[in-house]
$ cat work-v5.cif   # mmCIF, C-alpha atoms
data_protein
#
loop_
_atom_site.label_atom_id
_atom_site.label_comp_id
_atom_site.auth_asym_id
_atom_site.auth_seq_id
_atom_site.Cartn_x
_atom_site.Cartn_y
_atom_site.Cartn_z
CA MET A 1165 25.63 42.45 4.89
CA ILE A 1166 27.05 39.67 7.06
CA ARG A 1167 30.45 38.58 5.72
CA CYS A 1168 31.96 35.12 5.84
CA LEU A 1169 35.56 33.96 5.82
CA VAL A 1170 36.43 30.33 5.14
CA ILE A 1171 39.86 29.59 6.54
CA THR A 1172 41.36 26.17 6.05
CA HIS A 1173 44.39 24.00 5.45
CA GLY A 1174 45.60 24.06 1.85
CA ASN A 1175 43.06 24.97 -0.82
CA ILE A 1176 40.00 23.43 0.82
CA GLY A 1177 38.42 26.81 1.50
CA ALA A 1178 39.20 28.28 -1.91
CA GLU A 1179 37.62 25.29 -3.61
CA LEU A 1180 34.53 25.41 -1.39
CA VAL A 1181 34.07 29.08 -2.22
CA ARG A 1182 34.68 28.45 -5.93
CA VAL A 1183 32.13 25.63 -6.05
CA THR A 1184 29.62 27.73 -4.13
CA GLY A 1185 29.95 30.32 -6.89
CA LEU A 1186 29.31 27.63 -9.50
CA ILE A 1187 26.05 26.75 -7.77
CA LEU A 1188 24.74 30.17 -6.76
CA GLY A 1189 26.66 32.48 -9.05
CA PRO A 1190 29.08 35.20 -7.94
CA VAL A 1191 28.58 36.28 -4.35
CA GLU A 1192 29.86 39.18 -2.29
CA GLY A 1193 31.30 38.98 1.18
CA LEU A 1194 32.46 35.36 0.96
CA THR A 1195 36.23 34.93 1.06
CA ALA A 1196 38.65 32.03 1.42
CA MET A 1197 41.98 32.08 3.21
CA SER A 1198 44.61 29.35 3.57
CA ASN A 1199 47.00 28.70 6.44
CA SER A 1200 49.64 27.34 4.05
CA GLY A 1201 53.11 28.65 4.78
CA LYS A 1202 51.92 30.97 7.55
CA SER A 1203 52.98 31.16 11.15
CA LEU A 1204 50.24 31.57 13.73
CA PRO A 1205 51.02 35.30 14.27
CA ASP A 1206 50.86 35.90 10.50
CA LEU A 1207 47.61 33.98 10.23
CA LYS A 1208 46.16 36.02 13.08
CA ALA A 1209 47.32 39.23 11.36
CA ASP A 1210 45.55 38.22 8.13
CA LEU A 1211 42.36 37.50 10.06
CA THR A 1212 42.61 40.81 11.86
CA ALA A 1213 43.01 42.56 8.50
CA TRP A 1214 39.85 40.82 7.23
CA LEU A 1215 37.93 41.98 10.31
CA GLU A 1216 39.23 45.53 9.97
CA GLU A 1217 38.27 45.60 6.30
CA GLY A 1218 34.71 44.70 7.30
CA SER A 1219 34.60 47.44 9.93
CA ALA A 1220 35.91 49.98 7.42
CA THR A 1221 33.24 49.09 4.88
CA GLY A 1222 30.32 49.10 7.29
CA SER A 1223 30.06 45.32 7.72
CA PRO A 1224 31.86 44.59 10.99
CA GLY A 1225 32.31 41.10 12.37
CA GLY A 1226 31.02 38.11 10.51
CA VAL A 1227 31.11 34.34 10.42
CA ILE A 1228 34.44 32.53 10.27
CA LEU A 1229 34.24 28.93 9.13
CA VAL A 1230 37.27 26.69 9.80
CA ASP A 1231 37.95 23.13 8.72
CA ASP A 1232 39.25 21.63 11.93
CA TYR A 1233 38.66 22.40 15.57
CA GLY A 1234 42.01 22.40 17.34
CA GLY A 1235 44.02 23.38 14.29
CA SER A 1236 45.96 26.56 13.60
CA CYS A 1237 43.03 28.12 11.70
CA ALA A 1238 40.71 27.78 14.67
CA THR A 1239 43.31 29.01 17.14
CA ALA A 1240 44.22 32.03 15.00
CA ALA A 1241 40.54 32.85 14.53
CA GLN A 1242 39.91 32.80 18.28
CA LEU A 1243 42.94 34.98 18.96
CA ALA A 1244 41.92 37.48 16.25
CA CYS A 1245 38.25 37.67 17.26
CA GLY A 1246 38.84 38.07 20.97
CA HIS A 1247 35.65 38.76 22.92
CA GLU A 1248 34.01 41.12 20.45
CA PRO A 1249 30.30 40.51 19.77
CA GLY A 1250 29.07 39.82 16.25
CA ARG A 1251 31.89 37.41 15.48
CA ALA A 1252 31.36 33.66 15.34
CA ILE A 1253 33.80 30.86 14.61
CA ILE A 1254 32.37 27.51 13.51
CA SER A 1255 34.47 24.43 12.76
CA GLY A 1256 33.77 21.60 10.32
CA VAL A 1257 32.97 23.74 7.29
CA ASN A 1258 31.14 21.97 4.48
CA LEU A 1259 29.36 22.98 1.28
CA ALA A 1260 25.90 22.84 2.85
CA MET A 1261 26.92 25.45 5.42
CA LEU A 1262 28.13 27.85 2.72
CA LEU A 1263 24.94 27.45 0.71
CA GLY A 1264 22.90 27.96 3.88
CA PHE A 1265 24.90 31.03 4.82
CA LEU A 1266 24.27 32.69 1.47
CA THR A 1267 20.60 31.75 1.54
CA TRP A 1268 19.87 32.99 5.06
CA ARG A 1269 22.23 35.89 5.74
CA GLU A 1270 19.95 38.60 4.35
CA ASN A 1271 17.02 37.84 6.63
CA ASP A 1272 18.39 36.14 9.75
CA GLU A 1273 19.63 37.90 12.86
CA PHE A 1274 23.30 37.11 13.47
CA ASP A 1275 22.80 34.70 16.38
CA GLU A 1276 19.99 32.87 14.59
CA LEU A 1277 22.13 32.54 11.48
CA VAL A 1278 25.01 31.05 13.47
CA SER A 1279 22.73 28.48 15.12
CA ARG A 1280 21.22 27.51 11.78
CA LEU A 1281 24.68 27.06 10.23
CA VAL A 1282 25.77 24.71 13.01
CA ARG A 1283 22.58 22.67 12.58
CA LYS A 1284 22.89 22.66 8.81
CA GLY A 1285 26.50 21.51 8.91
CA ARG A 1286 25.60 18.59 11.17
CA GLU A 1287 22.54 17.63 9.15
CA ALA A 1288 24.69 17.49 6.01
CA ILE A 1289 26.69 14.64 7.50
CA THR A 1290 24.49 11.63 6.98
CA LEU A 1291 24.71 8.07 5.77
CA VAL A 1292 23.42 8.41 2.23
CA GLY A 1293 23.43 4.72 1.30
CA GLY A 1294 25.63 1.77 0.52
CA ARG A 1295 25.26 -0.10 3.80
CA MET B 556 59.62 12.20 33.45
CA PRO B 557 60.40 11.27 29.87
CA VAL B 558 60.16 14.10 27.39
CA VAL B 559 59.22 12.14 24.30
CA LEU B 560 59.36 15.18 22.00
CA ALA B 561 60.79 18.68 22.42
CA ARG B 562 59.54 20.62 19.42
CA VAL B 563 60.01 24.11 18.03
CA ASP B 564 56.86 25.04 16.11
CA ASP B 565 55.51 28.56 15.66
CA ARG B 566 51.97 27.19 15.43
CA LEU B 567 52.47 25.49 18.80
CA ILE B 568 49.40 23.33 19.43
CA HIS B 569 47.85 22.19 16.14
CA GLY B 570 47.06 19.07 14.13
CA GLN B 571 50.63 17.96 13.45
CA VAL B 572 51.17 17.85 17.21
CA THR B 573 47.80 16.79 18.62
CA VAL B 574 47.13 14.21 15.91
CA GLY B 575 50.35 13.45 14.01
CA TRP B 576 52.93 13.21 16.78
CA SER B 577 50.46 12.36 19.53
CA GLU B 578 49.11 9.33 17.67
CA ARG B 579 52.71 8.11 17.32
CA LEU B 580 54.11 9.02 20.74
CA ARG B 581 51.00 8.74 22.95
CA PRO B 582 51.90 11.59 25.32
CA ASP B 583 50.13 11.99 28.65
CA ARG B 584 50.76 15.74 28.67
CA ILE B 585 51.66 18.60 26.38
CA ILE B 586 53.62 21.46 27.94
CA LEU B 587 53.44 24.72 25.99
CA ALA B 588 56.33 26.85 27.22
CA SER B 589 55.90 30.56 26.51
CA ASN B 590 56.27 33.58 28.78
CA GLU B 591 53.86 35.63 26.67
CA ILE B 592 51.06 33.06 26.45
CA ALA B 593 51.41 31.86 30.04
CA ALA B 594 50.98 35.47 31.23
CA ASP B 595 47.59 35.71 29.48
CA PRO B 596 44.92 33.37 30.96
CA TRP B 597 42.60 33.81 27.99
CA GLN B 598 45.27 32.98 25.40
CA SER B 599 46.30 30.03 27.55
CA ARG B 600 42.72 28.74 27.48
CA VAL B 601 42.51 29.14 23.70
CA TYR B 602 45.61 27.03 23.16
CA ALA B 603 44.68 24.50 25.83
CA SER B 604 41.24 24.01 24.31
CA SER B 605 42.89 22.69 21.15
CA VAL B 606 44.24 19.63 22.93
CA PRO B 607 42.13 16.45 22.89
CA PRO B 608 40.69 15.58 26.33
CA SER B 609 42.78 12.41 26.52
CA ILE B 610 45.96 14.50 26.82
CA ALA B 611 46.63 16.82 29.77
CA VAL B 612 47.96 20.27 28.92
CA SER B 613 49.98 22.87 30.80
CA VAL B 614 50.74 26.37 29.56
CA LEU B 615 53.74 27.55 31.55
CA SER B 616 56.39 30.25 31.54
CA LEU B 617 59.84 29.05 30.50
CA ALA B 618 61.05 29.06 34.10
CA ARG B 619 58.03 27.14 35.38
CA ALA B 620 58.19 24.68 32.49
CA ALA B 621 61.88 24.01 33.16
CA ALA B 622 61.17 23.60 36.88
CA ALA B 623 58.31 21.20 36.20
CA LEU B 624 60.45 19.11 33.87
CA ARG B 625 63.44 19.23 36.20
CA GLY B 626 61.63 18.68 39.42
CA GLY B 627 59.80 15.50 38.65
CA GLU B 628 56.31 16.92 39.20
CA THR B 629 55.34 14.94 36.17
CA VAL B 630 57.52 11.97 36.99
CA SER B 631 55.51 9.21 35.40
CA GLU B 632 54.21 11.10 32.36
CA ARG B 633 55.21 11.03 28.73
CA ILE B 634 55.54 14.66 27.72
CA ILE B 635 55.64 16.72 24.55
CA VAL B 636 57.29 20.13 25.12
CA LEU B 637 56.55 22.94 22.67
CA THR B 638 58.12 26.33 22.12
CA ALA B 639 57.53 28.77 19.27
CA THR B 640 61.20 29.60 18.72
CA PRO B 641 64.64 27.99 19.04
CA ALA B 642 65.61 30.78 21.44
CA GLU B 643 62.87 29.73 23.87
CA MET B 644 63.91 26.08 23.56
CA SER B 645 67.50 27.11 24.23
CA ASP B 646 66.36 29.02 27.32
CA LEU B 647 64.51 25.93 28.53
CA ALA B 648 67.64 23.82 28.09
CA HIS B 649 69.77 26.35 29.92
CA LEU B 650 67.24 26.50 32.75
CA GLY B 651 67.94 22.82 33.23
CA ALA B 652 65.03 21.18 31.43
CA PRO B 653 66.14 17.67 30.55
CA LEU B 654 65.50 17.42 26.80
CA PRO B 655 66.32 14.34 24.73
CA SER B 656 66.93 16.18 21.44
CA VAL B 657 65.19 19.05 19.66
CA ASN B 658 62.76 18.68 16.80
CA ILE B 659 62.48 21.71 14.51
CA GLY B 660 58.92 21.14 13.38
CA GLY B 661 57.71 24.38 11.84
CA MET B 662 59.27 27.82 11.45
CA HIS B 663 57.29 29.67 8.83
CA PHE B 664 58.41 32.52 6.60
CA GLY B 665 58.62 35.98 8.11
CA THR B 666 60.38 39.23 7.31
CA GLY B 667 64.14 38.72 7.34
CA LYS B 668 63.90 34.94 7.40
CA VAL B 669 65.66 32.74 4.87
CA GLU B 670 64.55 29.29 3.75
CA MET B 671 66.57 26.43 5.15
CA LEU B 672 63.96 23.81 4.35
CA PRO B 673 60.42 24.26 2.96
CA PHE B 674 59.10 24.31 6.53
CA VAL B 675 62.07 25.99 8.22
CA PHE B 676 62.79 29.70 7.69
CA ILE B 677 65.44 31.21 9.91
CA ASP B 678 67.28 34.43 10.71
CA ARG B 679 70.51 35.10 12.55
CA LEU B 680 68.87 34.95 15.99
CA ASP B 681 67.48 31.52 15.18
CA ILE B 682 70.88 30.24 14.06
CA GLU B 683 72.51 31.56 17.22
CA ALA B 684 69.88 29.83 19.36
CA MET B 685 70.32 26.58 17.44
CA ARG B 686 74.08 26.82 18.01
CA ARG B 687 73.48 27.25 21.74
CA LEU B 688 71.39 24.08 21.70
CA LEU B 689 74.18 22.20 19.91
CA VAL B 690 76.76 23.53 22.37
CA ALA B 691 74.52 22.29 25.19
CA GLY B 692 74.99 18.83 23.74
CA LEU B 693 71.58 18.44 22.14
CA THR B 694 70.91 16.93 18.76
CA LEU B 695 68.79 19.01 16.38
CA TYR B 696 66.70 17.59 13.58
CA ALA B 697 64.03 19.06 11.34
CA GLN B 698 60.97 16.91 10.78
CA GLN B 699 57.37 18.06 10.40
CA VAL B 700 55.46 14.86 10.98
CA PRO B 701 56.13 11.25 11.97
CA GLY B 702 57.25 9.28 8.95
CA GLY B 703 58.40 12.45 7.24
CA ARG B 704 62.03 12.89 6.26
CA GLU B 705 64.35 13.69 9.16
CA HIS B 706 66.99 16.34 8.40
CA VAL B 707 69.90 16.45 10.82
CA LEU B 708 70.83 20.04 11.68
CA GLY B 709 74.41 20.08 12.87
CA ALA B 710 77.11 22.73 12.99
CA GLU B 711 77.88 22.09 9.33
CA GLN B 712 74.31 22.73 8.17
CA LEU B 713 74.07 25.90 10.26
CA ALA B 714 77.41 27.17 8.93
CA ALA B 715 76.20 26.61 5.37
CA MET B 716 73.31 28.99 6.03
CA GLU B 717 75.53 31.84 7.30
CA PRO B 718 76.36 33.43 3.92
CA ARG B 719 72.66 33.61 3.07
CA LEU B 720 71.62 35.58 6.15
#
$ encode --input "work-v5.cif" --output "structure tokens"
Amino acid sequence: MIRCLVITHGNIGAELVRVTGLILGPVEGLTAMSNSGKSLPDLKADLTAWLEEGSATGSPGGVILVDDYGGSCATAAQLACGHEPGRAIISGVNLAMLLGFLTWRENDEFDELVSRLVRKGREAITLVGGR
Amino acid sequence: MPVVLARVDDRLIHGQVTVGWSERLRPDRIILASNEIAADPWQSRVYASSVPPSIAVSVLSLARAAAALRGGETVSERIIVLTATPAEMSDLAHLGAPLPSVNIGGMHFGTGKVEMLPFVFIDRLDIEAMRRLLVAGLTLYAQQVPGGREHVLGAEQLAAMEPRL
């Protein structure tokens, strides 16, 4: 199973994960983490622990979704992931990406899944109306 | 070479700096001063990639950062200088980096650290480094973001923390 970690400022990630559960029901392997009150080394340590937990349970690597490119979440994720394969960090997390992740992760190869999530996240940003 | 902000922040380059302070101060360059990060080209690239393209970025050892600031290599630029700890900022000052004052922007909780402000947790080494900065004639103030409350950190405030460490 491909795991996913949503790491954000404040409670953005926790709420996204909670709402995803309201839509699709309880899901495994989808976790939220906040940067609140954490130094960058501590944030990196928490990310490393999440990666190690996956390795220990037979699901190494995974997709890490962050809210803002250039923020502490994205930096900590890059430092924790290093150059290992099977780990992807995508910024700009939104609800559509989480729903897509849970829909596609069983059947997609890892690289295909990552590409689809980037496309899905961008497609979700659209002018709905009100011009 | 005006240093428009010398900031201690254990997250170094992140939104409060690249958006918050940079929107207010319009720096031409951010200098991240860290011996550990500067010695690792990959880590340096990770941090540098977080800076918007409109702002130049240098990741330098403390000695090289002090030399760059002292030597006028960046004579016409507005500069934000970042270190992760007060001790590194103190080293920069003692290496001759001309700093206007020191902003304590973010020192998060860690083992052995005590809360001074909700965004400033310190231990004895931090206090000693802050004292060295005061002795060097620099003003210290804690402030996370522009427009946020500015807390002056003088000898009196540091002394008040002593019994809690």
$ interface_residues --input "work-v5.cif" --of "chain B" --to "chain A" --cutoff "12 Å" --atoms "only C-alpha atoms" --output "ChimeraX atom specification"
/B:564-575,592,595,597-608,639-640,660-666,670,672-676
$ residues_around --input "work-v5.cif" --residues "range 1175-1188 of chain A" --least-positions-apart "6" --cutoff "10 Å" --atoms "all atoms listed in the file" --output "ChimeraX atom specification"
/A:1169,1194-1200,1229-1231,1257-1260,1262-1263,1266-1267
$ closest_residue --input "work-v5.cif" --among "B:Ala618, B:Ile634, B:Val700, B:Ala593" --to "Val558 in chain B" --atoms "all atoms listed in the file"
B:Ile634
$ residues_around --input "work-v5.cif" --residues "Met671 in chain B" --least-positions-apart "2" --cutoff "12 Å" --atoms "all atoms listed in the file" --output "JSON list (two decimals) with C-alpha atoms, in the coordinates of the input"
[["chain", "number", "residue", "atom", "x", "y", "z"],
["B", 659, "ILE", "CA", 62.48, 21.71, 14.51],
["B", 661, "GLY", "CA", 57.71, 24.38, 11.84],
["B", 662, "MET", "CA", 59.27, 27.82, 11.45],
["B", 663, "HIS", "CA", 57.29, 29.67, 8.83],
["B", 664, "PHE", "CA", 58.41, 32.52, 6.60],
["B", 668, "LYS", "CA", 63.90, 34.94, 7.40],
["B", 669, "VAL", "CA", 65.66, 32.74, 4.87],
["B", 673, "PRO", "CA", 60.42, 24.26, 2.96],
["B", 674, "PHE", "CA", 59.10, 24.31, 6.53],
["B", 675, "VAL", "CA", 62.07, 25.99, 8.22],
["B", 676, "PHE", "CA", 62.79, 29.70, 7.69],
["B", 677, "ILE", "CA", 65.44, 31.21, 9.91],
["B", 678, "ASP", "CA", 67.28, 34.43, 10.71],
["B", 681, "ASP", "CA", 67.48, 31.52, 15.18],
["B", 682, "ILE", "CA", 70.88, 30.24, 14.06],
["B", 697, "ALA", "CA", 64.03, 19.06, 11.34],
["B", 706, "HIS", "CA", 66.99, 16.34, 8.40],
["B", 707, "VAL", "CA", 69.90, 16.45, 10.82],
["B", 708, "LEU", "CA", 70.83, 20.04, 11.68],
["B", 712, "GLN", "CA", 74.31, 22.73, 8.17],
["B", 713, "LEU", "CA", 74.07, 25.90, 10.26],
["B", 714, "ALA", "CA", 77.41, 27.17, 8.93],
["B", 715, "ALA", "CA", 76.20, 26.61, 5.37],
["B", 716, "MET", "CA", 73.31, 28.99, 6.03],
["B", 717, "GLU", "CA", 75.53, 31.84, 7.30],
["B", 719, "ARG", "CA", 72.66, 33.61, 3.07],
["B", 720, "LEU", "CA", 71.62, 35.58, 6.15]]
$ atom_distance --input "work-v5.cif" --atom1 "CA of Ala1209 in chain A" --atom2 "CA of Ser616 in chain B"
23.9 Å
$ residues_near_point --input "work-v5.cif" --point "(57.4, 11.1, 31.3)" --cutoff "12 Å" --atoms "all atoms listed in the file" --output "ChimeraX atom specification"
/B:556-560,580-586,623-636,653-655
$ build_atoms --input "work-v5.cif" --residues "range 658-685 of chain B" --atoms "N, CA and C atoms" --output "compact mmCIF listing (two decimals), keeping the file's coordinate frame"
# COMPACT_ATOMS: atom_id res chain seq x y z
N ASN B 658 63.41 18.79 18.10
CA ASN B 658 62.76 18.68 16.80
C ASN B 658 62.39 20.09 16.31
N ILE B 659 62.90 20.45 15.14
CA ILE B 659 62.48 21.71 14.51
C ILE B 659 61.32 21.33 13.60
N GLY B 660 60.12 21.69 14.04
CA GLY B 660 58.92 21.14 13.38
C GLY B 660 58.25 22.11 12.43
N GLY B 661 58.37 23.41 12.71
CA GLY B 661 57.71 24.38 11.84
C GLY B 661 58.14 25.79 12.18
N MET B 662 58.88 26.40 11.28
CA MET B 662 59.27 27.82 11.45
C MET B 662 58.93 28.49 10.12
N HIS B 663 57.79 29.15 10.10
CA HIS B 663 57.29 29.67 8.83
C HIS B 663 57.99 30.95 8.41
N PHE B 664 57.77 31.32 7.15
CA PHE B 664 58.41 32.52 6.60
C PHE B 664 57.97 33.77 7.37
N GLY B 665 58.89 34.67 7.54
CA GLY B 665 58.62 35.98 8.11
C GLY B 665 59.65 36.94 7.57
N THR B 666 59.44 38.22 7.81
CA THR B 666 60.38 39.23 7.31
C THR B 666 61.79 38.96 7.84
N GLY B 667 62.76 38.94 6.94
CA GLY B 667 64.14 38.72 7.34
C GLY B 667 64.54 37.28 7.50
N LYS B 668 63.59 36.37 7.25
CA LYS B 668 63.90 34.94 7.40
C LYS B 668 64.27 34.33 6.05
N VAL B 669 65.17 33.39 6.09
CA VAL B 669 65.66 32.74 4.87
C VAL B 669 65.31 31.26 4.93
N GLU B 670 64.98 30.70 3.77
CA GLU B 670 64.55 29.29 3.75
C GLU B 670 65.74 28.35 3.94
N MET B 671 65.59 27.49 4.93
CA MET B 671 66.57 26.43 5.15
C MET B 671 66.00 25.13 4.59
N LEU B 672 64.73 24.92 4.89
CA LEU B 672 63.96 23.81 4.35
C LEU B 672 62.57 24.39 4.06
N PRO B 673 61.74 23.69 3.28
CA PRO B 673 60.42 24.26 2.96
C PRO B 673 59.57 24.61 4.19
N PHE B 674 59.87 23.99 5.32
CA PHE B 674 59.10 24.31 6.53
C PHE B 674 59.97 24.94 7.62
N VAL B 675 61.17 25.35 7.24
CA VAL B 675 62.07 25.99 8.22
C VAL B 675 62.68 27.25 7.61
N PHE B 676 62.24 28.40 8.10
CA PHE B 676 62.79 29.70 7.69
C PHE B 676 63.45 30.32 8.91
N ILE B 677 64.68 30.78 8.73
CA ILE B 677 65.44 31.21 9.91
C ILE B 677 66.12 32.56 9.67
N ASP B 678 66.44 33.22 10.77
CA ASP B 678 67.28 34.43 10.71
C ASP B 678 68.49 34.20 11.63
N ARG B 679 69.27 35.25 11.79
CA ARG B 679 70.51 35.10 12.55
C ARG B 679 70.24 34.72 14.01
N LEU B 680 69.18 35.29 14.60
CA LEU B 680 68.87 34.95 15.99
C LEU B 680 68.52 33.47 16.13
N ASP B 681 67.83 32.95 15.14
CA ASP B 681 67.48 31.52 15.18
C ASP B 681 68.73 30.65 15.11
N ILE B 682 69.63 31.01 14.20
CA ILE B 682 70.88 30.24 14.06
C ILE B 682 71.67 30.26 15.36
N GLU B 683 71.74 31.45 15.96
CA GLU B 683 72.51 31.56 17.22
C GLU B 683 71.89 30.69 18.30
N ALA B 684 70.55 30.67 18.35
CA ALA B 684 69.88 29.83 19.36
C ALA B 684 70.11 28.35 19.07
N MET B 685 70.06 27.99 17.79
CA MET B 685 70.32 26.58 17.44
C MET B 685 71.74 26.18 17.82
